[in-house]
$ cat input-v3.pdb   # PDB, C-alpha atoms
ATOM      1  CA  MET Z   3     -10.222   7.453 -13.364  1.00  0.00           C
ATOM      2  CA  CYS Z   4      -8.111   4.348 -13.825  1.00  0.00           C
ATOM      3  CA  GLU Z   5      -4.867   6.333 -14.070  1.00  0.00           C
ATOM      4  CA  VAL Z   6      -5.216   7.157 -10.373  1.00  0.00           C
ATOM      5  CA  PHE Z   7      -4.952   3.437  -9.606  1.00  0.00           C
ATOM      6  CA  ILE Z   8      -2.870   1.946 -12.409  1.00  0.00           C
ATOM      7  CA  SER Z   9      -0.059   4.453 -11.914  1.00  0.00           C
ATOM      8  CA  ALA Z  10       0.826   2.778  -8.599  1.00  0.00           C
ATOM      9  CA  ASP Z  11       4.382   1.520  -8.282  1.00  0.00           C
ATOM     10  CA  PRO Z  12       4.237  -2.246  -9.008  1.00  0.00           C
ATOM     11  CA  GLN Z  13       6.468  -2.838  -5.976  1.00  0.00           C
ATOM     12  CA  SER Z  14       3.675  -1.516  -3.758  1.00  0.00           C
ATOM     13  CA  TYR Z  15       1.410  -4.407  -4.712  1.00  0.00           C
ATOM     14  CA  ASP Z  16       4.077  -7.084  -4.753  1.00  0.00           C
ATOM     15  CA  SER Z  17       3.589  -9.236  -1.708  1.00  0.00           C
ATOM     16  CA  ARG Z  18       6.076 -10.199   0.940  1.00  0.00           C
ATOM     17  CA  THR Z  19       5.907 -12.924   3.561  1.00  0.00           C
ATOM     18  CA  ARG Z  20       7.222 -12.328   7.056  1.00  0.00           C
ATOM     19  CA  SER Z  21       7.651 -14.908   9.755  1.00  0.00           C
ATOM     20  CA  VAL Z  22       6.269 -13.754  13.072  1.00  0.00           C
ATOM     21  CA  ARG Z  23       6.379 -15.405  16.481  1.00  0.00           C
ATOM     22  CA  LEU Z  24       3.039 -15.089  18.309  1.00  0.00           C
ATOM     23  CA  HIS Z  25       3.335 -16.453  21.842  1.00  0.00           C
ATOM     24  CA  GLY Z  26       6.071 -18.879  20.898  1.00  0.00           C
ATOM     25  CA  VAL Z  27       4.398 -20.096  17.708  1.00  0.00           C
ATOM     26  CA  VAL Z  28       6.011 -19.106  14.421  1.00  0.00           C
ATOM     27  CA  THR Z  29       3.542 -18.169  11.723  1.00  0.00           C
ATOM     28  CA  SER Z  30       3.884 -16.564   8.309  1.00  0.00           C
ATOM     29  CA  ILE Z  31       1.948 -13.517   7.204  1.00  0.00           C
ATOM     30  CA  ARG Z  32       1.805 -12.557   3.540  1.00  0.00           C
ATOM     31  CA  LEU Z  33       0.829  -8.967   2.712  1.00  0.00           C
ATOM     32  CA  GLU Z  34       1.412  -6.547  -0.109  1.00  0.00           C
ATOM     33  CA  ASN Z  35       4.353  -4.193   0.457  1.00  0.00           C
ATOM     34  CA  LEU Z  36       2.113  -1.140   0.803  1.00  0.00           C
ATOM     35  CA  PHE Z  37       0.292  -2.758   3.741  1.00  0.00           C
ATOM     36  CA  TRP Z  38       3.618  -3.576   5.403  1.00  0.00           C
ATOM     37  CA  GLN Z  39       4.643   0.084   4.994  1.00  0.00           C
ATOM     38  CA  VAL Z  40       1.446   1.338   6.629  1.00  0.00           C
ATOM     39  CA  LEU Z  41       1.769  -1.147   9.506  1.00  0.00           C
ATOM     40  CA  GLU Z  42       5.381  -0.001  10.008  1.00  0.00           C
ATOM     41  CA  GLU Z  43       4.193   3.611  10.198  1.00  0.00           C
ATOM     42  CA  ILE Z  44       1.534   2.721  12.766  1.00  0.00           C
ATOM     43  CA  ALA Z  45       4.097   0.783  14.822  1.00  0.00           C
ATOM     44  CA  GLN Z  46       6.634   3.619  14.714  1.00  0.00           C
ATOM     45  CA  ARG Z  47       4.051   6.080  16.024  1.00  0.00           C
ATOM     46  CA  ASP Z  48       3.932   4.044  19.250  1.00  0.00           C
ATOM     47  CA  ASN Z  49       7.676   3.282  19.354  1.00  0.00           C
ATOM     48  CA  MET Z  50       7.192  -0.354  18.378  1.00  0.00           C
ATOM     49  CA  GLY Z  51       8.506  -2.615  15.692  1.00  0.00           C
ATOM     50  CA  VAL Z  52       6.006  -4.032  13.214  1.00  0.00           C
ATOM     51  CA  VAL Z  53       6.224  -7.482  14.854  1.00  0.00           C
ATOM     52  CA  GLN Z  54       5.394  -5.952  18.250  1.00  0.00           C
ATOM     53  CA  LEU Z  55       2.405  -4.184  16.687  1.00  0.00           C
ATOM     54  CA  ILE Z  56       1.207  -7.416  15.087  1.00  0.00           C
ATOM     55  CA  GLU Z  57       1.494  -9.249  18.427  1.00  0.00           C
ATOM     56  CA  LYS Z  58      -0.436  -6.472  20.174  1.00  0.00           C
ATOM     57  CA  LEU Z  59      -3.172  -6.450  17.540  1.00  0.00           C
ATOM     58  CA  TYR Z  60      -3.403 -10.245  17.697  1.00  0.00           C
ATOM     59  CA  ASP Z  61      -3.698 -10.257  21.497  1.00  0.00           C
ATOM     60  CA  GLU Z  62      -6.301  -7.488  21.546  1.00  0.00           C
ATOM     61  CA  LEU Z  63      -8.316  -9.163  18.772  1.00  0.00           C
ATOM     62  CA  VAL Z  64      -8.354 -12.451  20.675  1.00  0.00           C
ATOM     63  CA  ALA Z  65      -9.331 -10.652  23.888  1.00  0.00           C
ATOM     64  CA  ALA Z  66     -12.157  -8.758  22.167  1.00  0.00           C
ATOM     65  CA  ARG Z  67     -13.491 -11.475  19.880  1.00  0.00           C
ATOM     66  CA  GLY Z  68     -12.185 -14.752  21.264  1.00  0.00           C
ATOM     67  CA  GLU Z  69     -10.912 -15.806  17.860  1.00  0.00           C
ATOM     68  CA  VAL Z  70      -8.782 -14.465  15.068  1.00  0.00           C
ATOM     69  CA  GLY Z  71     -10.204 -15.752  11.780  1.00  0.00           C
ATOM     70  CA  ASN Z  72      -8.294 -14.431   8.773  1.00  0.00           C
ATOM     71  CA  PHE Z  73      -5.553 -12.429  10.479  1.00  0.00           C
ATOM     72  CA  ALA Z  74      -3.869 -11.247   7.260  1.00  0.00           C
ATOM     73  CA  SER Z  75      -7.178  -9.747   6.115  1.00  0.00           C
ATOM     74  CA  PHE Z  76      -7.599  -8.145   9.539  1.00  0.00           C
ATOM     75  CA  LEU Z  77      -4.173  -6.511   9.148  1.00  0.00           C
ATOM     76  CA  ARG Z  78      -5.076  -5.218   5.676  1.00  0.00           C
ATOM     77  CA  VAL Z  79      -8.335  -3.738   6.985  1.00  0.00           C
ATOM     78  CA  SER Z  80      -6.470  -2.218   9.944  1.00  0.00           C
ATOM     79  CA  ALA Z  81      -4.053  -0.495   7.560  1.00  0.00           C
ATOM     80  CA  LEU Z  82      -6.919   0.772   5.389  1.00  0.00           C
ATOM     81  CA  ARG Z  83      -8.844   2.021   8.433  1.00  0.00           C
ATOM     82  CA  TYR Z  84      -5.754   3.850   9.654  1.00  0.00           C
ATOM     83  CA  GLU Z  85      -5.321   5.590   6.297  1.00  0.00           C
ATOM     84  CA  ALA Z  86      -9.048   6.437   6.044  1.00  0.00           C
ATOM     85  CA  LEU Z  87      -9.244   7.727   9.623  1.00  0.00           C
ATOM     86  CA  GLN Z  88      -6.162   9.821   9.003  1.00  0.00           C
ATOM     87  CA  ALA Z  89      -7.651  11.213   5.763  1.00  0.00           C
ATOM     88  CA  GLN Z  90     -10.808  12.141   7.695  1.00  0.00           C
ATOM     89  CA  GLY Z  91      -8.735  13.960  10.325  1.00  0.00           C
ATOM     90  CA  ARG Z  92      -9.746  11.510  13.065  1.00  0.00           C
ATOM     91  CA  ILE Z  93      -6.116  10.418  13.464  1.00  0.00           C
ATOM     92  CA  PRO Z  94      -3.596  13.279  13.325  1.00  0.00           C
ATOM     93  CA  ALA Z  95      -1.310  13.363  10.295  1.00  0.00           C
ATOM     94  CA  ASP Z  96       1.576  14.173  12.657  1.00  0.00           C
ATOM     95  CA  ASN Z  97       3.363  10.837  13.064  1.00  0.00           C
ATOM     96  CA  ASN Z  98       4.779  12.038  16.392  1.00  0.00           C
ATOM     97  CA  VAL Z  99       1.322  11.639  17.943  1.00  0.00           C
ATOM     98  CA  ALA Z 100       1.108   8.105  19.317  1.00  0.00           C
ATOM     99  CA  ILE Z 101      -1.992   6.120  18.457  1.00  0.00           C
ATOM    100  CA  ARG Z 102      -2.224   4.944  22.074  1.00  0.00           C
ATOM    101  CA  SER Z 103      -2.542   8.588  23.178  1.00  0.00           C
ATOM    102  CA  LEU Z 104      -5.748   9.115  21.187  1.00  0.00           C
ATOM    103  CA  ASP Z 105      -9.245   8.845  22.628  1.00  0.00           C
ATOM    104  CA  ALA Z 106     -10.550   5.792  20.742  1.00  0.00           C
ATOM    105  CA  GLN Z 107     -14.180   6.735  21.380  1.00  0.00           C
ATOM    106  CA  ALA Z 108     -13.623  10.163  19.798  1.00  0.00           C
ATOM    107  CA  VAL Z 109     -11.761   8.666  16.822  1.00  0.00           C
ATOM    108  CA  LEU Z 110     -14.514   6.098  16.251  1.00  0.00           C
ATOM    109  CA  TYR Z 111     -17.506   8.362  16.938  1.00  0.00           C
ATOM    110  CA  ALA Z 112     -20.177   8.256  14.199  1.00  0.00           C
ATOM    111  CA  LEU Z 113     -18.252   6.121  11.746  1.00  0.00           C
ATOM    112  CA  PRO Z 114     -19.872   5.483   8.375  1.00  0.00           C
ATOM    113  CA  PRO Z 115     -22.148   2.398   8.190  1.00  0.00           C
ATOM    114  CA  GLY Z 116     -20.191  -0.844   8.130  1.00  0.00           C
ATOM    115  CA  TRP Z 117     -17.051   0.653   9.682  1.00  0.00           C
ATOM    116  CA  GLY Z 118     -17.531  -0.279  13.311  1.00  0.00           C
ATOM    117  CA  ARG Z 119     -19.389  -2.155  15.980  1.00  0.00           C
ATOM    118  CA  ALA Z 120     -22.043   0.522  16.436  1.00  0.00           C
ATOM    119  CA  ALA Z 121     -23.046   0.259  12.782  1.00  0.00           C
ATOM    120  CA  ARG Z 122     -23.162  -3.523  12.978  1.00  0.00           C
ATOM    121  CA  VAL Z 123     -25.215  -3.470  16.191  1.00  0.00           C
ATOM    122  CA  ALA Z 124     -27.616  -0.896  14.741  1.00  0.00           C
ATOM    123  CA  ALA Z 125     -28.014  -2.977  11.585  1.00  0.00           C
ATOM    124  CA  ALA Z 126     -28.826  -6.091  13.668  1.00  0.00           C
ATOM    125  CA  ARG Z 127     -31.709  -4.319  15.450  1.00  0.00           C
TER     126      ARG Z 127
END

$ encode --input "input-v3.pdb" --output "structure tokens"
Amino acid sequence: MCEVFISADPQSYDSRTRSVRLHGVVTSIRLENLFWQVLEEIAQRDNMGVVQLIEKLYDELVAARGEVGNFASFLRVSALRYEALQAQGRIPADNNVAIRSLDAQAVLYALPPGWGRAARVAAAR
């Protein structure tokens, strides 16, 4: 079992810090290289740079939740969700299909417990 995980290229789990300007404020985000690669893939699908994607995610998170919290962790979870949703066939493997063109409700329908708002709301009842 462990071979599946320990055979990863050490560069993939080395971390890298990028400076990003969010609404005129420069901030640093430190993520492992593999997360940066996934975020770059997501951004490219919608013809954006990774910084543009990060700004968009930040703005939408603030609009939806009113606060950001641990943004680096949010970005890691976003990358993992993307990979998991793609593995489940909810997001097409074809990188020419833009994420913005997908029906979010269809992609998120009946997610496993703990993966989305519906699960959290149901658990609170």

$ residues_around --input "input-v3.pdb" --residues "stretch 77-91 of chain Z" --least-positions-apart "4" --cutoff "12 Å" --atoms "only C-alpha atoms" --output "number ranges by chain"
Z: 31-45, 47, 52-53, 55-60, 63, 70-73, 95-97, 99, 101, 106, 108-114, 116-118

$ atom_distance --input "input-v3.pdb" --atom1 "atom CA of Z:Arg23" --atom2 "atom CA of Z:Gln54"
9.7 Å

$ atom_distance --input "input-v3.pdb" --atom1 "atom CA of Z:Cys4" --atom2 "atom CA of Z:Ser17"
21.6 Å

$ atom_distance --input "input-v3.pdb" --atom1 "atom CA of Z:Asp48" --atom2 "atom CA of Z:Arg102"
6.8 Å

$ axis_aligned_box --input "input-v3.pdb" --around "stretch 17-22 of chain Z" --padding-each-side "8 Å" --output "lines of an AutoDock Vina configuration file"
center_x = 5.6
center_y = -12.1
center_z = 5.7
size_x = 20.1
size_y = 21.7
size_z = 30.8

$ closest_residue --input "input-v3.pdb" --among "Z:Asn49, Z:Ile93, Z:Ala74, Z:Glu69" --to "Z:Thr19" --atoms "all atoms listed in the file"
Z:Ala74

$ decode --input "input-v3.pdb" --residues "stretch 30-66 of chain Z" --atoms "N, CA, C and O atoms" --output "JSON list (two decimals), in the first residue's frame"
[["chain", "number", "residue", "atom", "x", "y", "z"],
["Z", 30, "SER", "N", 1.24, 36.41, 0.31],
["Z", 30, "SER", "CA", 2.00, 35.24, -0.10],
["Z", 30, "SER", "C", 1.19, 33.99, 0.19],
["Z", 30, "SER", "O", 0.55, 33.88, 1.24],
["Z", 31, "ILE", "N", 1.24, 33.06, -0.74],
["Z", 31, "ILE", "CA", 0.55, 31.78, -0.59],
["Z", 31, "ILE", "C", 1.59, 30.69, -0.77],
["Z", 31, "ILE", "O", 2.29, 30.65, -1.78],
["Z", 32, "ARG", "N", 1.66, 29.81, 0.22],
["Z", 32, "ARG", "CA", 2.63, 28.70, 0.17],
["Z", 32, "ARG", "C", 1.86, 27.39, 0.00],
["Z", 32, "ARG", "O", 1.05, 27.03, 0.85],
["Z", 33, "LEU", "N", 2.12, 26.70, -1.11],
["Z", 33, "LEU", "CA", 1.50, 25.42, -1.40],
["Z", 33, "LEU", "C", 2.56, 24.45, -1.94],
["Z", 33, "LEU", "O", 3.58, 24.88, -2.48],
["Z", 34, "GLU", "N", 2.26, 23.18, -1.82],
["Z", 34, "GLU", "CA", 3.11, 22.17, -2.42],
["Z", 34, "GLU", "C", 2.99, 22.26, -3.94],
["Z", 34, "GLU", "O", 1.95, 22.65, -4.47],
["Z", 35, "ASN", "N", 4.07, 21.89, -4.63],
["Z", 35, "ASN", "CA", 4.11, 22.02, -6.09],
["Z", 35, "ASN", "C", 2.96, 21.30, -6.78],
["Z", 35, "ASN", "O", 2.43, 21.80, -7.78],
["Z", 36, "LEU", "N", 2.57, 20.15, -6.28],
["Z", 36, "LEU", "CA", 1.48, 19.41, -6.92],
["Z", 36, "LEU", "C", 0.18, 20.20, -6.89],
["Z", 36, "LEU", "O", -0.58, 20.21, -7.86],
["Z", 37, "PHE", "N", -0.08, 20.91, -5.79],
["Z", 37, "PHE", "CA", -1.29, 21.75, -5.72],
["Z", 37, "PHE", "C", -1.21, 22.90, -6.72],
["Z", 37, "PHE", "O", -2.20, 23.23, -7.37],
["Z", 38, "TRP", "N", -0.02, 23.51, -6.86],
["Z", 38, "TRP", "CA", 0.13, 24.57, -7.84],
["Z", 38, "TRP", "C", -0.14, 24.04, -9.25],
["Z", 38, "TRP", "O", -0.79, 24.70, -10.06],
["Z", 39, "GLN", "N", 0.32, 22.82, -9.54],
["Z", 39, "GLN", "CA", 0.09, 22.23, -10.86],
["Z", 39, "GLN", "C", -1.39, 22.02, -11.14],
["Z", 39, "GLN", "O", -1.88, 22.31, -12.24],
["Z", 40, "VAL", "N", -2.12, 21.53, -10.14],
["Z", 40, "VAL", "CA", -3.56, 21.31, -10.32],
["Z", 40, "VAL", "C", -4.28, 22.64, -10.50],
["Z", 40, "VAL", "O", -5.13, 22.78, -11.38],
["Z", 41, "LEU", "N", -3.93, 23.65, -9.70],
["Z", 41, "LEU", "CA", -4.56, 24.96, -9.84],
["Z", 41, "LEU", "C", -4.26, 25.56, -11.22],
["Z", 41, "LEU", "O", -5.12, 26.18, -11.84],
["Z", 42, "GLU", "N", -3.05, 25.34, -11.73],
["Z", 42, "GLU", "CA", -2.71, 25.82, -13.08],
["Z", 42, "GLU", "C", -3.57, 25.13, -14.13],
["Z", 42, "GLU", "O", -4.03, 25.76, -15.08],
["Z", 43, "GLU", "N", -3.81, 23.83, -13.96],
["Z", 43, "GLU", "CA", -4.67, 23.11, -14.90],
["Z", 43, "GLU", "C", -6.09, 23.64, -14.87],
["Z", 43, "GLU", "O", -6.71, 23.86, -15.92],
["Z", 44, "ILE", "N", -6.61, 23.87, -13.67],
["Z", 44, "ILE", "CA", -7.97, 24.42, -13.55],
["Z", 44, "ILE", "C", -8.04, 25.78, -14.24],
["Z", 44, "ILE", "O", -8.97, 26.06, -15.00],
["Z", 45, "ALA", "N", -7.06, 26.63, -13.97],
["Z", 45, "ALA", "CA", -7.03, 27.98, -14.56],
["Z", 45, "ALA", "C", -6.98, 27.91, -16.09],
["Z", 45, "ALA", "O", -7.72, 28.62, -16.77],
["Z", 46, "GLN", "N", -6.15, 27.04, -16.62],
["Z", 46, "GLN", "CA", -5.99, 26.92, -18.07],
["Z", 46, "GLN", "C", -7.30, 26.48, -18.73],
["Z", 46, "GLN", "O", -7.59, 26.90, -19.85],
["Z", 47, "ARG", "N", -8.07, 25.67, -18.04],
["Z", 47, "ARG", "CA", -9.34, 25.21, -18.62],
["Z", 47, "ARG", "C", -10.27, 26.38, -18.91],
["Z", 47, "ARG", "O", -11.11, 26.30, -19.80],
["Z", 48, "ASP", "N", -10.15, 27.45, -18.12],
["Z", 48, "ASP", "CA", -11.00, 28.63, -18.30],
["Z", 48, "ASP", "C", -10.22, 29.81, -18.87],
["Z", 48, "ASP", "O", -10.61, 30.96, -18.67],
["Z", 49, "ASN", "N", -9.10, 29.51, -19.53],
["Z", 49, "ASN", "CA", -8.27, 30.55, -20.16],
["Z", 49, "ASN", "C", -7.85, 31.64, -19.19],
["Z", 49, "ASN", "O", -7.92, 32.83, -19.51],
["Z", 50, "MET", "N", -7.43, 31.24, -18.01],
["Z", 50, "MET", "CA", -6.94, 32.17, -17.00],
["Z", 50, "MET", "C", -5.54, 31.76, -16.57],
["Z", 50, "MET", "O", -5.15, 30.61, -16.74],
["Z", 51, "GLY", "N", -4.85, 32.71, -15.98],
["Z", 51, "GLY", "CA", -3.61, 32.40, -15.29],
["Z", 51, "GLY", "C", -3.96, 31.95, -13.88],
["Z", 51, "GLY", "O", -5.08, 32.19, -13.40],
["Z", 52, "VAL", "N", -3.02, 31.32, -13.20],
["Z", 52, "VAL", "CA", -3.29, 30.83, -11.85],
["Z", 52, "VAL", "C", -3.61, 31.98, -10.88],
["Z", 52, "VAL", "O", -4.47, 31.83, -10.00],
["Z", 53, "VAL", "N", -2.99, 33.13, -11.06],
["Z", 53, "VAL", "CA", -3.28, 34.28, -10.20],
["Z", 53, "VAL", "C", -4.70, 34.77, -10.42],
["Z", 53, "VAL", "O", -5.42, 35.07, -9.47],
["Z", 54, "GLN", "N", -5.14, 34.79, -11.68],
["Z", 54, "GLN", "CA", -6.54, 35.17, -11.96],
["Z", 54, "GLN", "C", -7.51, 34.19, -11.31],
["Z", 54, "GLN", "O", -8.53, 34.60, -10.76],
["Z", 55, "LEU", "N", -7.21, 32.90, -11.38],
["Z", 55, "LEU", "CA", -8.06, 31.90, -10.74],
["Z", 55, "LEU", "C", -8.11, 32.13, -9.24],
["Z", 55, "LEU", "O", -9.19, 32.10, -8.64],
["Z", 56, "ILE", "N", -6.97, 32.37, -8.63],
["Z", 56, "ILE", "CA", -6.92, 32.58, -7.18],
["Z", 56, "ILE", "C", -7.74, 33.80, -6.80],
["Z", 56, "ILE", "O", -8.49, 33.78, -5.83],
["Z", 57, "GLU", "N", -7.63, 34.89, -7.58],
["Z", 57, "GLU", "CA", -8.43, 36.09, -7.30],
["Z", 57, "GLU", "C", -9.93, 35.79, -7.42],
["Z", 57, "GLU", "O", -10.72, 36.22, -6.59],
["Z", 58, "LYS", "N", -10.30, 35.03, -8.44],
["Z", 58, "LYS", "CA", -11.71, 34.68, -8.64],
["Z", 58, "LYS", "C", -12.22, 33.82, -7.49],
["Z", 58, "LYS", "O", -13.30, 34.05, -6.96],
["Z", 59, "LEU", "N", -11.45, 32.82, -7.11],
["Z", 59, "LEU", "CA", -11.85, 31.96, -5.99],
["Z", 59, "LEU", "C", -11.98, 32.77, -4.70],
["Z", 59, "LEU", "O", -12.93, 32.59, -3.93],
["Z", 60, "TYR", "N", -11.02, 33.67, -4.47],
["Z", 60, "TYR", "CA", -11.06, 34.52, -3.28],
["Z", 60, "TYR", "C", -12.33, 35.37, -3.26],
["Z", 60, "TYR", "O", -13.05, 35.41, -2.26],
["Z", 61, "ASP", "N", -12.61, 36.03, -4.38],
["Z", 61, "ASP", "CA", -13.79, 36.90, -4.46],
["Z", 61, "ASP", "C", -15.08, 36.11, -4.26],
["Z", 61, "ASP", "O", -15.98, 36.54, -3.53],
["Z", 62, "GLU", "N", -15.18, 34.94, -4.90],
["Z", 62, "GLU", "CA", -16.39, 34.14, -4.76],
["Z", 62, "GLU", "C", -16.54, 33.57, -3.36],
["Z", 62, "GLU", "O", -17.65, 33.46, -2.84],
["Z", 63, "LEU", "N", -15.43, 33.23, -2.72],
["Z", 63, "LEU", "CA", -15.47, 32.73, -1.34],
["Z", 63, "LEU", "C", -15.94, 33.82, -0.39],
["Z", 63, "LEU", "O", -16.80, 33.59, 0.47],
["Z", 64, "VAL", "N", -15.42, 35.03, -0.57],
["Z", 64, "VAL", "CA", -15.85, 36.15, 0.27],
["Z", 64, "VAL", "C", -17.33, 36.45, 0.04],
["Z", 64, "VAL", "O", -18.09, 36.66, 0.99],
["Z", 65, "ALA", "N", -17.76, 36.43, -1.21],
["Z", 65, "ALA", "CA", -19.17, 36.70, -1.52],
["Z", 65, "ALA", "C", -20.09, 35.63, -0.92],
["Z", 65, "ALA", "O", -21.17, 35.95, -0.42],
["Z", 66, "ALA", "N", -19.66, 34.39, -0.93],
["Z", 66, "ALA", "CA", -20.50, 33.29, -0.44],
["Z", 66, "ALA", "C", -20.47, 33.15, 1.08],
["Z", 66, "ALA", "O", -21.48, 32.83, 1.70]]
